[in-house]
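**Student:** This is the structure I want to talk about, given as structure tokens.
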Amino acid sequence: MASTGLAKGLASALGGGTASALACSALGFGIAPTIFSVLFATVGSFLYYARVWIQGYYFDKRCRVDADLTGKIAVVTGGTVGGLGYAAAEILHKMGATVVLTVRTAAKGEEAVAKLGGGERASYELVDFLSSASAATGAKALAKKLGRLDYLVLNAGVAKGDTAEMWMANQVGPFSFTELLTPLLVQTAKAHGDVRVVAVSSGAHKRASIDFEDPWAPTGPDGGMLGNAYGQSKLAQIMHMRELQKRLRAYKGCGGETAIRCLAMTPGFALTNLTPAVPAPLLPLLWLIARSSRVGAQPIKMACVDPDVPGGSYLSNCYVKPAEGKDGCANEPEQWAKLWALCEKCAAEAASGLIYTGKFP
């Protein structure tokens with residue numbers, strides 16, 4: 001009768017349903033509990049190691065730094081509710097910062113501002129990084145209306161679609177946007193110090209390379225195009241931040257580590273509203289393996305408020321981690337400068353309509 005009692009207890013713990021019925025039936029008929037133990041351990045181990053392989057770490061770490069950001073201003077691009085940008089904006093807003101989100105539609109902006117609680121510390125600006133004109137207009141509007149800019153989080157981008165759109169939305173548009181806001185960043189750094197520029201990159205940069213001949217339609221190391229387009233844009237973000245850091249340190253009053261820091265980070269595999277749709281039966285598995293948007297945003301928080309993180313760093317799971325890229329190109333200063341020149345060329349091409357006419361007005 002012991003097995004029957006165990007079965008009833010297990011059924012009660014599981015809260016009824018199919019799983020508890022199967023457990024009750026199995027144990028009631030004397031099937032050895034070790035079968036279920038082995039099965040549970042096997043499935044659990046698979047999920048555990050699958051998650052470690054995907055995320056790169058045994059445990060998800062959170063940034064425990066606390067700070068009062070009252071009076072500071074953050075611009076977070078790609079602030080749609082449910083996404084990584086909104087999660088980062090929410091964290092900074094709760095710490096006291098005034099937050100301006102960039103979104104592609106007024107409806108998304110109003111939803112995000114309302115969810116943040118409205119008021120004077122939350123607003124939005126319409127910016128579409130697929131449009132060089134929109135990126136420029138948005139940056140100029142922000143530079144005009146903001147008295148300072150302490151945190152610029154470059155999160156907006158796309159993960160699928162046309163290769164040229166990936167390059168434009170993930171790197172060229174944000175590059176131009178950042179250039180137009182740099183005077184305000186420098187002004188704030190000189191007056192107040194501790195300014196941060198943060199690019200949301202990805203582990204996809206690891207095996208990527210920059211196609212300096214045609215970044216709009218890149219050919220990857222394996223000869224493929226689609227596989228390298230996203231990785232190329234994410235690699236470029238890391239190199240962009242490192243070259244920007246180098247250049248800003250040359251500004252009078254912006255040297256050292258206390259005035260301005262430029263960083264890149266990866267959220268890992270985070271389940272957001274941008275995650276591609278998957279079959280319903282796979283959702284529980286996805287939920288177990290993926291991070292939430294709030295956990296994925298923890299390295300953004302670290303990049304913004306940790307007093308000890310070095311400028312030019314690449315962060316993963318709230319650790320400073322070596323960046324990669326083909327042949328370690330993310331760590332080569334001459335490659336950063338080359339990438340900068342390429343971005344200037346691409347920004348001019350997109351703005352003038354010399355290529356891909358009509359796609360990037």
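Ordering of the structure tokens sets the chain letters (A, B, ...); residue numbers start at 1 within each chain; ligands are numbered from 1 in the order shown.
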Mind checking which residues fall within 9 Å of Glu125 in chain A, counting only C-alpha atoms, ignoring those fewer than 3 positions away in the same chain, and posting them as a PyMOL selection string?

**Tutor:** chain A and resi 100-104+106+109+138+141-142

**Student:** With only C-alpha atoms counted and 12 Å as the cut-off, give the residues of range 294-351 of chain A in contact with range 61-76 of chain A, each with its shortest interatomic distance in Å and the pair that gives it, as CSV.

**Tutor:**
residue,atom,partner,partner_atom,distance
A:Arg294,CA,A:Arg62,CA,9.6
A:Val295,CA,A:Arg62,CA,6.9
A:Gly296,CA,A:Arg62,CA,9.1
A:Ala297,CA,A:Arg62,CA,9.1
A:Gln298,CA,A:Arg62,CA,5.6
A:Pro299,CA,A:Cys63,CA,7.0
A:Ile300,CA,A:Cys63,CA,9.0
A:Lys301,CA,A:Cys63,CA,6.7
A:Met302,CA,A:Cys63,CA,5.6
A:Ala303,CA,A:Cys63,CA,9.4
A:Cys304,CA,A:Ala74,CA,9.5
A:Val305,CA,A:Val65,CA,7.0
A:Asp306,CA,A:Val65,CA,6.2
A:Pro307,CA,A:Val65,CA,8.6
A:Asp308,CA,A:Val65,CA,10.4
A:Val309,CA,A:Val65,CA,11.5
A:Leu315,CA,A:Cys63,CA,11.4
A:Ser316,CA,A:Lys61,CA,9.4
A:Asn317,CA,A:Lys61,CA,5.7
A:Cys318,CA,A:Lys61,CA,6.1
A:Tyr319,CA,A:Lys61,CA,8.5

**Student:** Let's have the selection written as a tab-separated table (two decimals), in the first residue's frame, with C-alpha atoms.

**Tutor:**
chain	number	residue	atom	x	y	z
A	294	ARG	CA	14.35	41.39	-18.07
A	295	VAL	CA	17.20	38.91	-17.50
A	296	GLY	CA	18.51	39.60	-21.00
A	297	ALA	CA	18.56	43.31	-20.16
A	298	GLN	CA	20.79	42.83	-17.09
A	299	PRO	CA	24.04	43.35	-19.05
A	300	ILE	CA	22.55	46.61	-20.37
A	301	LYS	CA	21.99	47.69	-16.78
A	302	MET	CA	25.56	46.71	-15.94
A	303	ALA	CA	26.89	48.65	-18.92
A	304	CYS	CA	24.97	51.73	-17.78
A	305	VAL	CA	25.57	51.79	-14.03
A	306	ASP	CA	28.45	49.55	-12.99
A	307	PRO	CA	31.22	51.90	-11.80
A	308	ASP	CA	34.00	49.40	-12.53
A	309	VAL	CA	33.25	48.17	-16.05
A	315	LEU	CA	29.58	42.07	-21.77
A	316	SER	CA	27.84	38.72	-21.57
A	317	ASN	CA	25.71	37.56	-18.63
A	318	CYS	CA	27.06	40.50	-16.58
A	319	TYR	CA	30.68	39.48	-17.13

**Student:** Residues at most 12 Å from Lys321 in chain A, counting only C-alpha atoms, excluding those fewer than 3 positions away in the same chain, as a list of chain:residue names?

**Tutor:** A:Gly56, A:Tyr57, A:Gly203, A:Lys206, A:Ile238, A:Leu263, A:Ala264, A:Met265, A:Thr266, A:Pro299, A:Val309, A:Pro310, A:Gly312, A:Ser313, A:Tyr314, A:Leu315, A:Ser316, A:Asn317, A:Cys318, A:Glu324, A:Asn331

**Student:** Include N, CA and C atoms and write out the residues we just selected as a PDB file, in the first residue's frame.

**Tutor:**
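Okay, this is what ended up in selection-v8.pdb:
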ATOM      1  N   GLY A  56      25.661  29.778 -22.803  1.00  0.00           N
ATOM      2  CA  GLY A  56      27.084  29.923 -22.542  1.00  0.00           C
ATOM      3  C   GLY A  56      27.471  29.939 -21.073  1.00  0.00           C
ATOM      4  N   TYR A  57      26.495  29.840 -20.175  1.00  0.00           N
ATOM      5  CA  TYR A  57      26.783  29.906 -18.741  1.00  0.00           C
ATOM      6  C   TYR A  57      25.898  28.924 -17.984  1.00  0.00           C
ATOM      7  N   GLY A 203      25.934  37.080 -29.611  1.00  0.00           N
ATOM      8  CA  GLY A 203      26.942  36.037 -29.769  1.00  0.00           C
ATOM      9  C   GLY A 203      27.113  35.618 -31.214  1.00  0.00           C
ATOM     10  N   LYS A 206      30.514  35.951 -33.288  1.00  0.00           N
ATOM     11  CA  LYS A 206      31.715  35.155 -33.039  1.00  0.00           C
ATOM     12  C   LYS A 206      32.384  34.622 -34.298  1.00  0.00           C
ATOM     13  N   ILE A 238      30.136  45.908 -32.092  1.00  0.00           N
ATOM     14  CA  ILE A 238      31.226  45.838 -31.105  1.00  0.00           C
ATOM     15  C   ILE A 238      32.395  46.717 -31.554  1.00  0.00           C
ATOM     16  N   LEU A 263      30.288  50.672 -24.738  1.00  0.00           N
ATOM     17  CA  LEU A 263      30.328  49.234 -24.504  1.00  0.00           C
ATOM     18  C   LEU A 263      29.367  48.505 -25.434  1.00  0.00           C
ATOM     19  N   ALA A 264      29.636  47.229 -25.626  1.00  0.00           N
ATOM     20  CA  ALA A 264      28.715  46.359 -26.350  1.00  0.00           C
ATOM     21  C   ALA A 264      28.383  45.182 -25.455  1.00  0.00           C
ATOM     22  N   MET A 265      27.231  44.574 -25.677  1.00  0.00           N
ATOM     23  CA  MET A 265      26.822  43.451 -24.841  1.00  0.00           C
ATOM     24  C   MET A 265      25.946  42.500 -25.644  1.00  0.00           C
ATOM     25  N   THR A 266      25.815  41.291 -25.126  1.00  0.00           N
ATOM     26  CA  THR A 266      24.871  40.343 -25.687  1.00  0.00           C
ATOM     27  C   THR A 266      23.860  39.959 -24.617  1.00  0.00           C
ATOM     28  N   PRO A 299      22.753  42.786 -18.618  1.00  0.00           N
ATOM     29  CA  PRO A 299      24.040  43.351 -19.050  1.00  0.00           C
ATOM     30  C   PRO A 299      23.930  44.800 -19.528  1.00  0.00           C
ATOM     31  N   VAL A 309      33.124  48.787 -14.724  1.00  0.00           N
ATOM     32  CA  VAL A 309      33.254  48.174 -16.045  1.00  0.00           C
ATOM     33  C   VAL A 309      34.097  49.062 -16.956  1.00  0.00           C
ATOM     34  N   PRO A 310      35.119  48.509 -17.607  1.00  0.00           N
ATOM     35  CA  PRO A 310      36.003  49.337 -18.449  1.00  0.00           C
ATOM     36  C   PRO A 310      35.332  49.732 -19.768  1.00  0.00           C
ATOM     37  N   GLY A 312      34.884  50.211 -23.652  1.00  0.00           N
ATOM     38  CA  GLY A 312      35.309  49.348 -24.741  1.00  0.00           C
ATOM     39  C   GLY A 312      35.051  47.876 -24.502  1.00  0.00           C
ATOM     40  N   SER A 313      34.457  47.547 -23.354  1.00  0.00           N
ATOM     41  CA  SER A 313      34.219  46.135 -23.006  1.00  0.00           C
ATOM     42  C   SER A 313      33.070  45.529 -23.804  1.00  0.00           C
ATOM     43  N   TYR A 314      33.104  44.202 -23.868  1.00  0.00           N
ATOM     44  CA  TYR A 314      32.001  43.410 -24.391  1.00  0.00           C
ATOM     45  C   TYR A 314      31.469  42.593 -23.226  1.00  0.00           C
ATOM     46  N   LEU A 315      30.178  42.711 -22.931  1.00  0.00           N
ATOM     47  CA  LEU A 315      29.583  42.068 -21.766  1.00  0.00           C
ATOM     48  C   LEU A 315      28.666  40.918 -22.170  1.00  0.00           C
ATOM     49  N   SER A 316      28.730  39.866 -21.388  1.00  0.00           N
ATOM     50  CA  SER A 316      27.845  38.723 -21.569  1.00  0.00           C
ATOM     51  C   SER A 316      27.481  38.185 -20.194  1.00  0.00           C
ATOM     52  N   ASN A 317      26.180  38.087 -19.909  1.00  0.00           N
ATOM     53  CA  ASN A 317      25.714  37.558 -18.627  1.00  0.00           C
ATOM     54  C   ASN A 317      26.335  38.304 -17.442  1.00  0.00           C
ATOM     55  N   CYS A 318      26.493  39.627 -17.612  1.00  0.00           N
ATOM     56  CA  CYS A 318      27.065  40.496 -16.576  1.00  0.00           C
ATOM     57  C   CYS A 318      28.521  40.157 -16.242  1.00  0.00           C
ATOM     58  N   GLU A 324      34.993  38.305 -30.248  1.00  0.00           N
ATOM     59  CA  GLU A 324      35.681  37.439 -31.204  1.00  0.00           C
ATOM     60  C   GLU A 324      35.584  38.005 -32.624  1.00  0.00           C
ATOM     61  N   ASN A 331      38.983  42.587 -31.934  1.00  0.00           N
ATOM     62  CA  ASN A 331      39.988  43.063 -30.994  1.00  0.00           C
ATOM     63  C   ASN A 331      41.133  43.813 -31.668  1.00  0.00           C
TER      64      ASN A 331
END

**Student:** Between CA of Asp194 in chain A and CA of Ala97 in chain A, what is the distance in Å, rounded to a tenth?

**Tutor:** 13.8 Å

**Student:** Would you please extract all helix (DSSP H, G or I) residues from range 106-206 of chain A, as assigned by DSSP on the backbone, and give them as a PyMOL selection string?

**Tutor:** chain A and resi 106-116+132-145+163-192+203-205

**Student:** Would you please work out which residue, of A:Val198, A:Ala330, A:Ala189, A:Leu339, is nearest to Ala88 in chain A when using only C-alpha atoms?

**Tutor:** A:Val198

**Student:** How many Å separate CA of Ala341 in chain A from CA of Arg242 in chain A?

**Tutor:** 13.7 Å

**Student:** Could you pull out the residues in range 80-272 of chain A that DSSP calls strand (DSSP E) from the backbone, as a PyMOL selection string?

**Tutor:** chain A and resi 98-103+122-126+151-154+195-200+260-266+270-271

**Student:** Taking only C-alpha atoms into account, name the residue in A:Gly311, A:Pro183, A:Pro218, A:Gly193 that is nearest to Gln245 in chain A.

**Tutor:**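 Under the stated criterion, the closest residue is A:Gly311.
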
**Student:** Just checking: using only C-alpha atoms, which residue out of A:Cys329, A:Leu181, A:Ala156, A:Ala133 ends up closest to Ala348 in chain A?

**Tutor:** A:Ala133

**Student:** Taking into account only C-alpha atoms, which residue in the set A:Ala347, A:Leu235, A:Ala337, A:Leu152 is nearest to Phe175 in chain A?

**Tutor:**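 Selected residue with least distance to Phe175 in chain A: A:Ala347.
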
**Student:** Near Lys160 in chain A, counting only C-alpha atoms, which residues have an atom at most 10 Å away, once you skip same-chain residues fewer than 2 positions from it, shown as a list in words?

**Tutor:**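 Near neighbours after the sequence-gap exclusion: Gly157, Val158, Asp162, Thr163, Glu165, Met166, Leu226, Ala229, Tyr230 and Pro276 of chain A.
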
**Student:** For the residues selected in the previous step, produce a file with N, CA and C atoms as a short mmCIF file (atom, residue, chain, number, x, y, z; two decimals), in the first residue's frame.

**Tutor:**
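Printed below is result02.cif as written:
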data_model
loop_
_atom_site.label_atom_id
_atom_site.label_comp_id
_atom_site.auth_asym_id
_atom_site.auth_seq_id
_atom_site.Cartn_x
_atom_site.Cartn_y
_atom_site.Cartn_z
N GLY A 157 16.80 47.16 -34.03
CA GLY A 157 17.39 46.41 -35.13
C GLY A 157 16.47 45.32 -35.61
N VAL A 158 16.93 44.57 -36.61
CA VAL A 158 16.15 43.46 -37.14
C VAL A 158 17.02 42.21 -37.16
N ASP A 162 15.82 40.99 -45.51
CA ASP A 162 16.79 41.36 -46.52
C ASP A 162 18.14 41.69 -45.88
N THR A 163 19.23 41.24 -46.51
CA THR A 163 20.56 41.46 -45.93
C THR A 163 20.90 42.94 -45.84
N GLU A 165 18.79 45.37 -45.43
CA GLU A 165 18.01 45.94 -44.33
C GLU A 165 18.67 45.65 -42.99
N MET A 166 19.24 44.46 -42.84
CA MET A 166 19.94 44.14 -41.59
C MET A 166 21.10 45.10 -41.37
N LEU A 226 23.27 34.93 -46.40
CA LEU A 226 22.28 35.15 -45.36
C LEU A 226 22.83 34.86 -43.97
N ALA A 229 25.01 37.90 -42.69
CA ALA A 229 24.49 39.27 -42.64
C ALA A 229 24.20 39.74 -41.22
N TYR A 230 23.50 38.93 -40.46
CA TYR A 230 23.18 39.29 -39.09
C TYR A 230 24.44 39.34 -38.23
N PRO A 276 11.08 34.68 -33.14
CA PRO A 276 10.24 34.08 -34.19
C PRO A 276 9.24 33.10 -33.60
#

**Student:** For CA of Val195 in chain A and CA of Ala139 in chain A, quote the distance in Å rounded to one decimal.

**Tutor:**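 Separation between CA of Val195 in chain A and CA of Ala139 in chain A: 17.2 Å.
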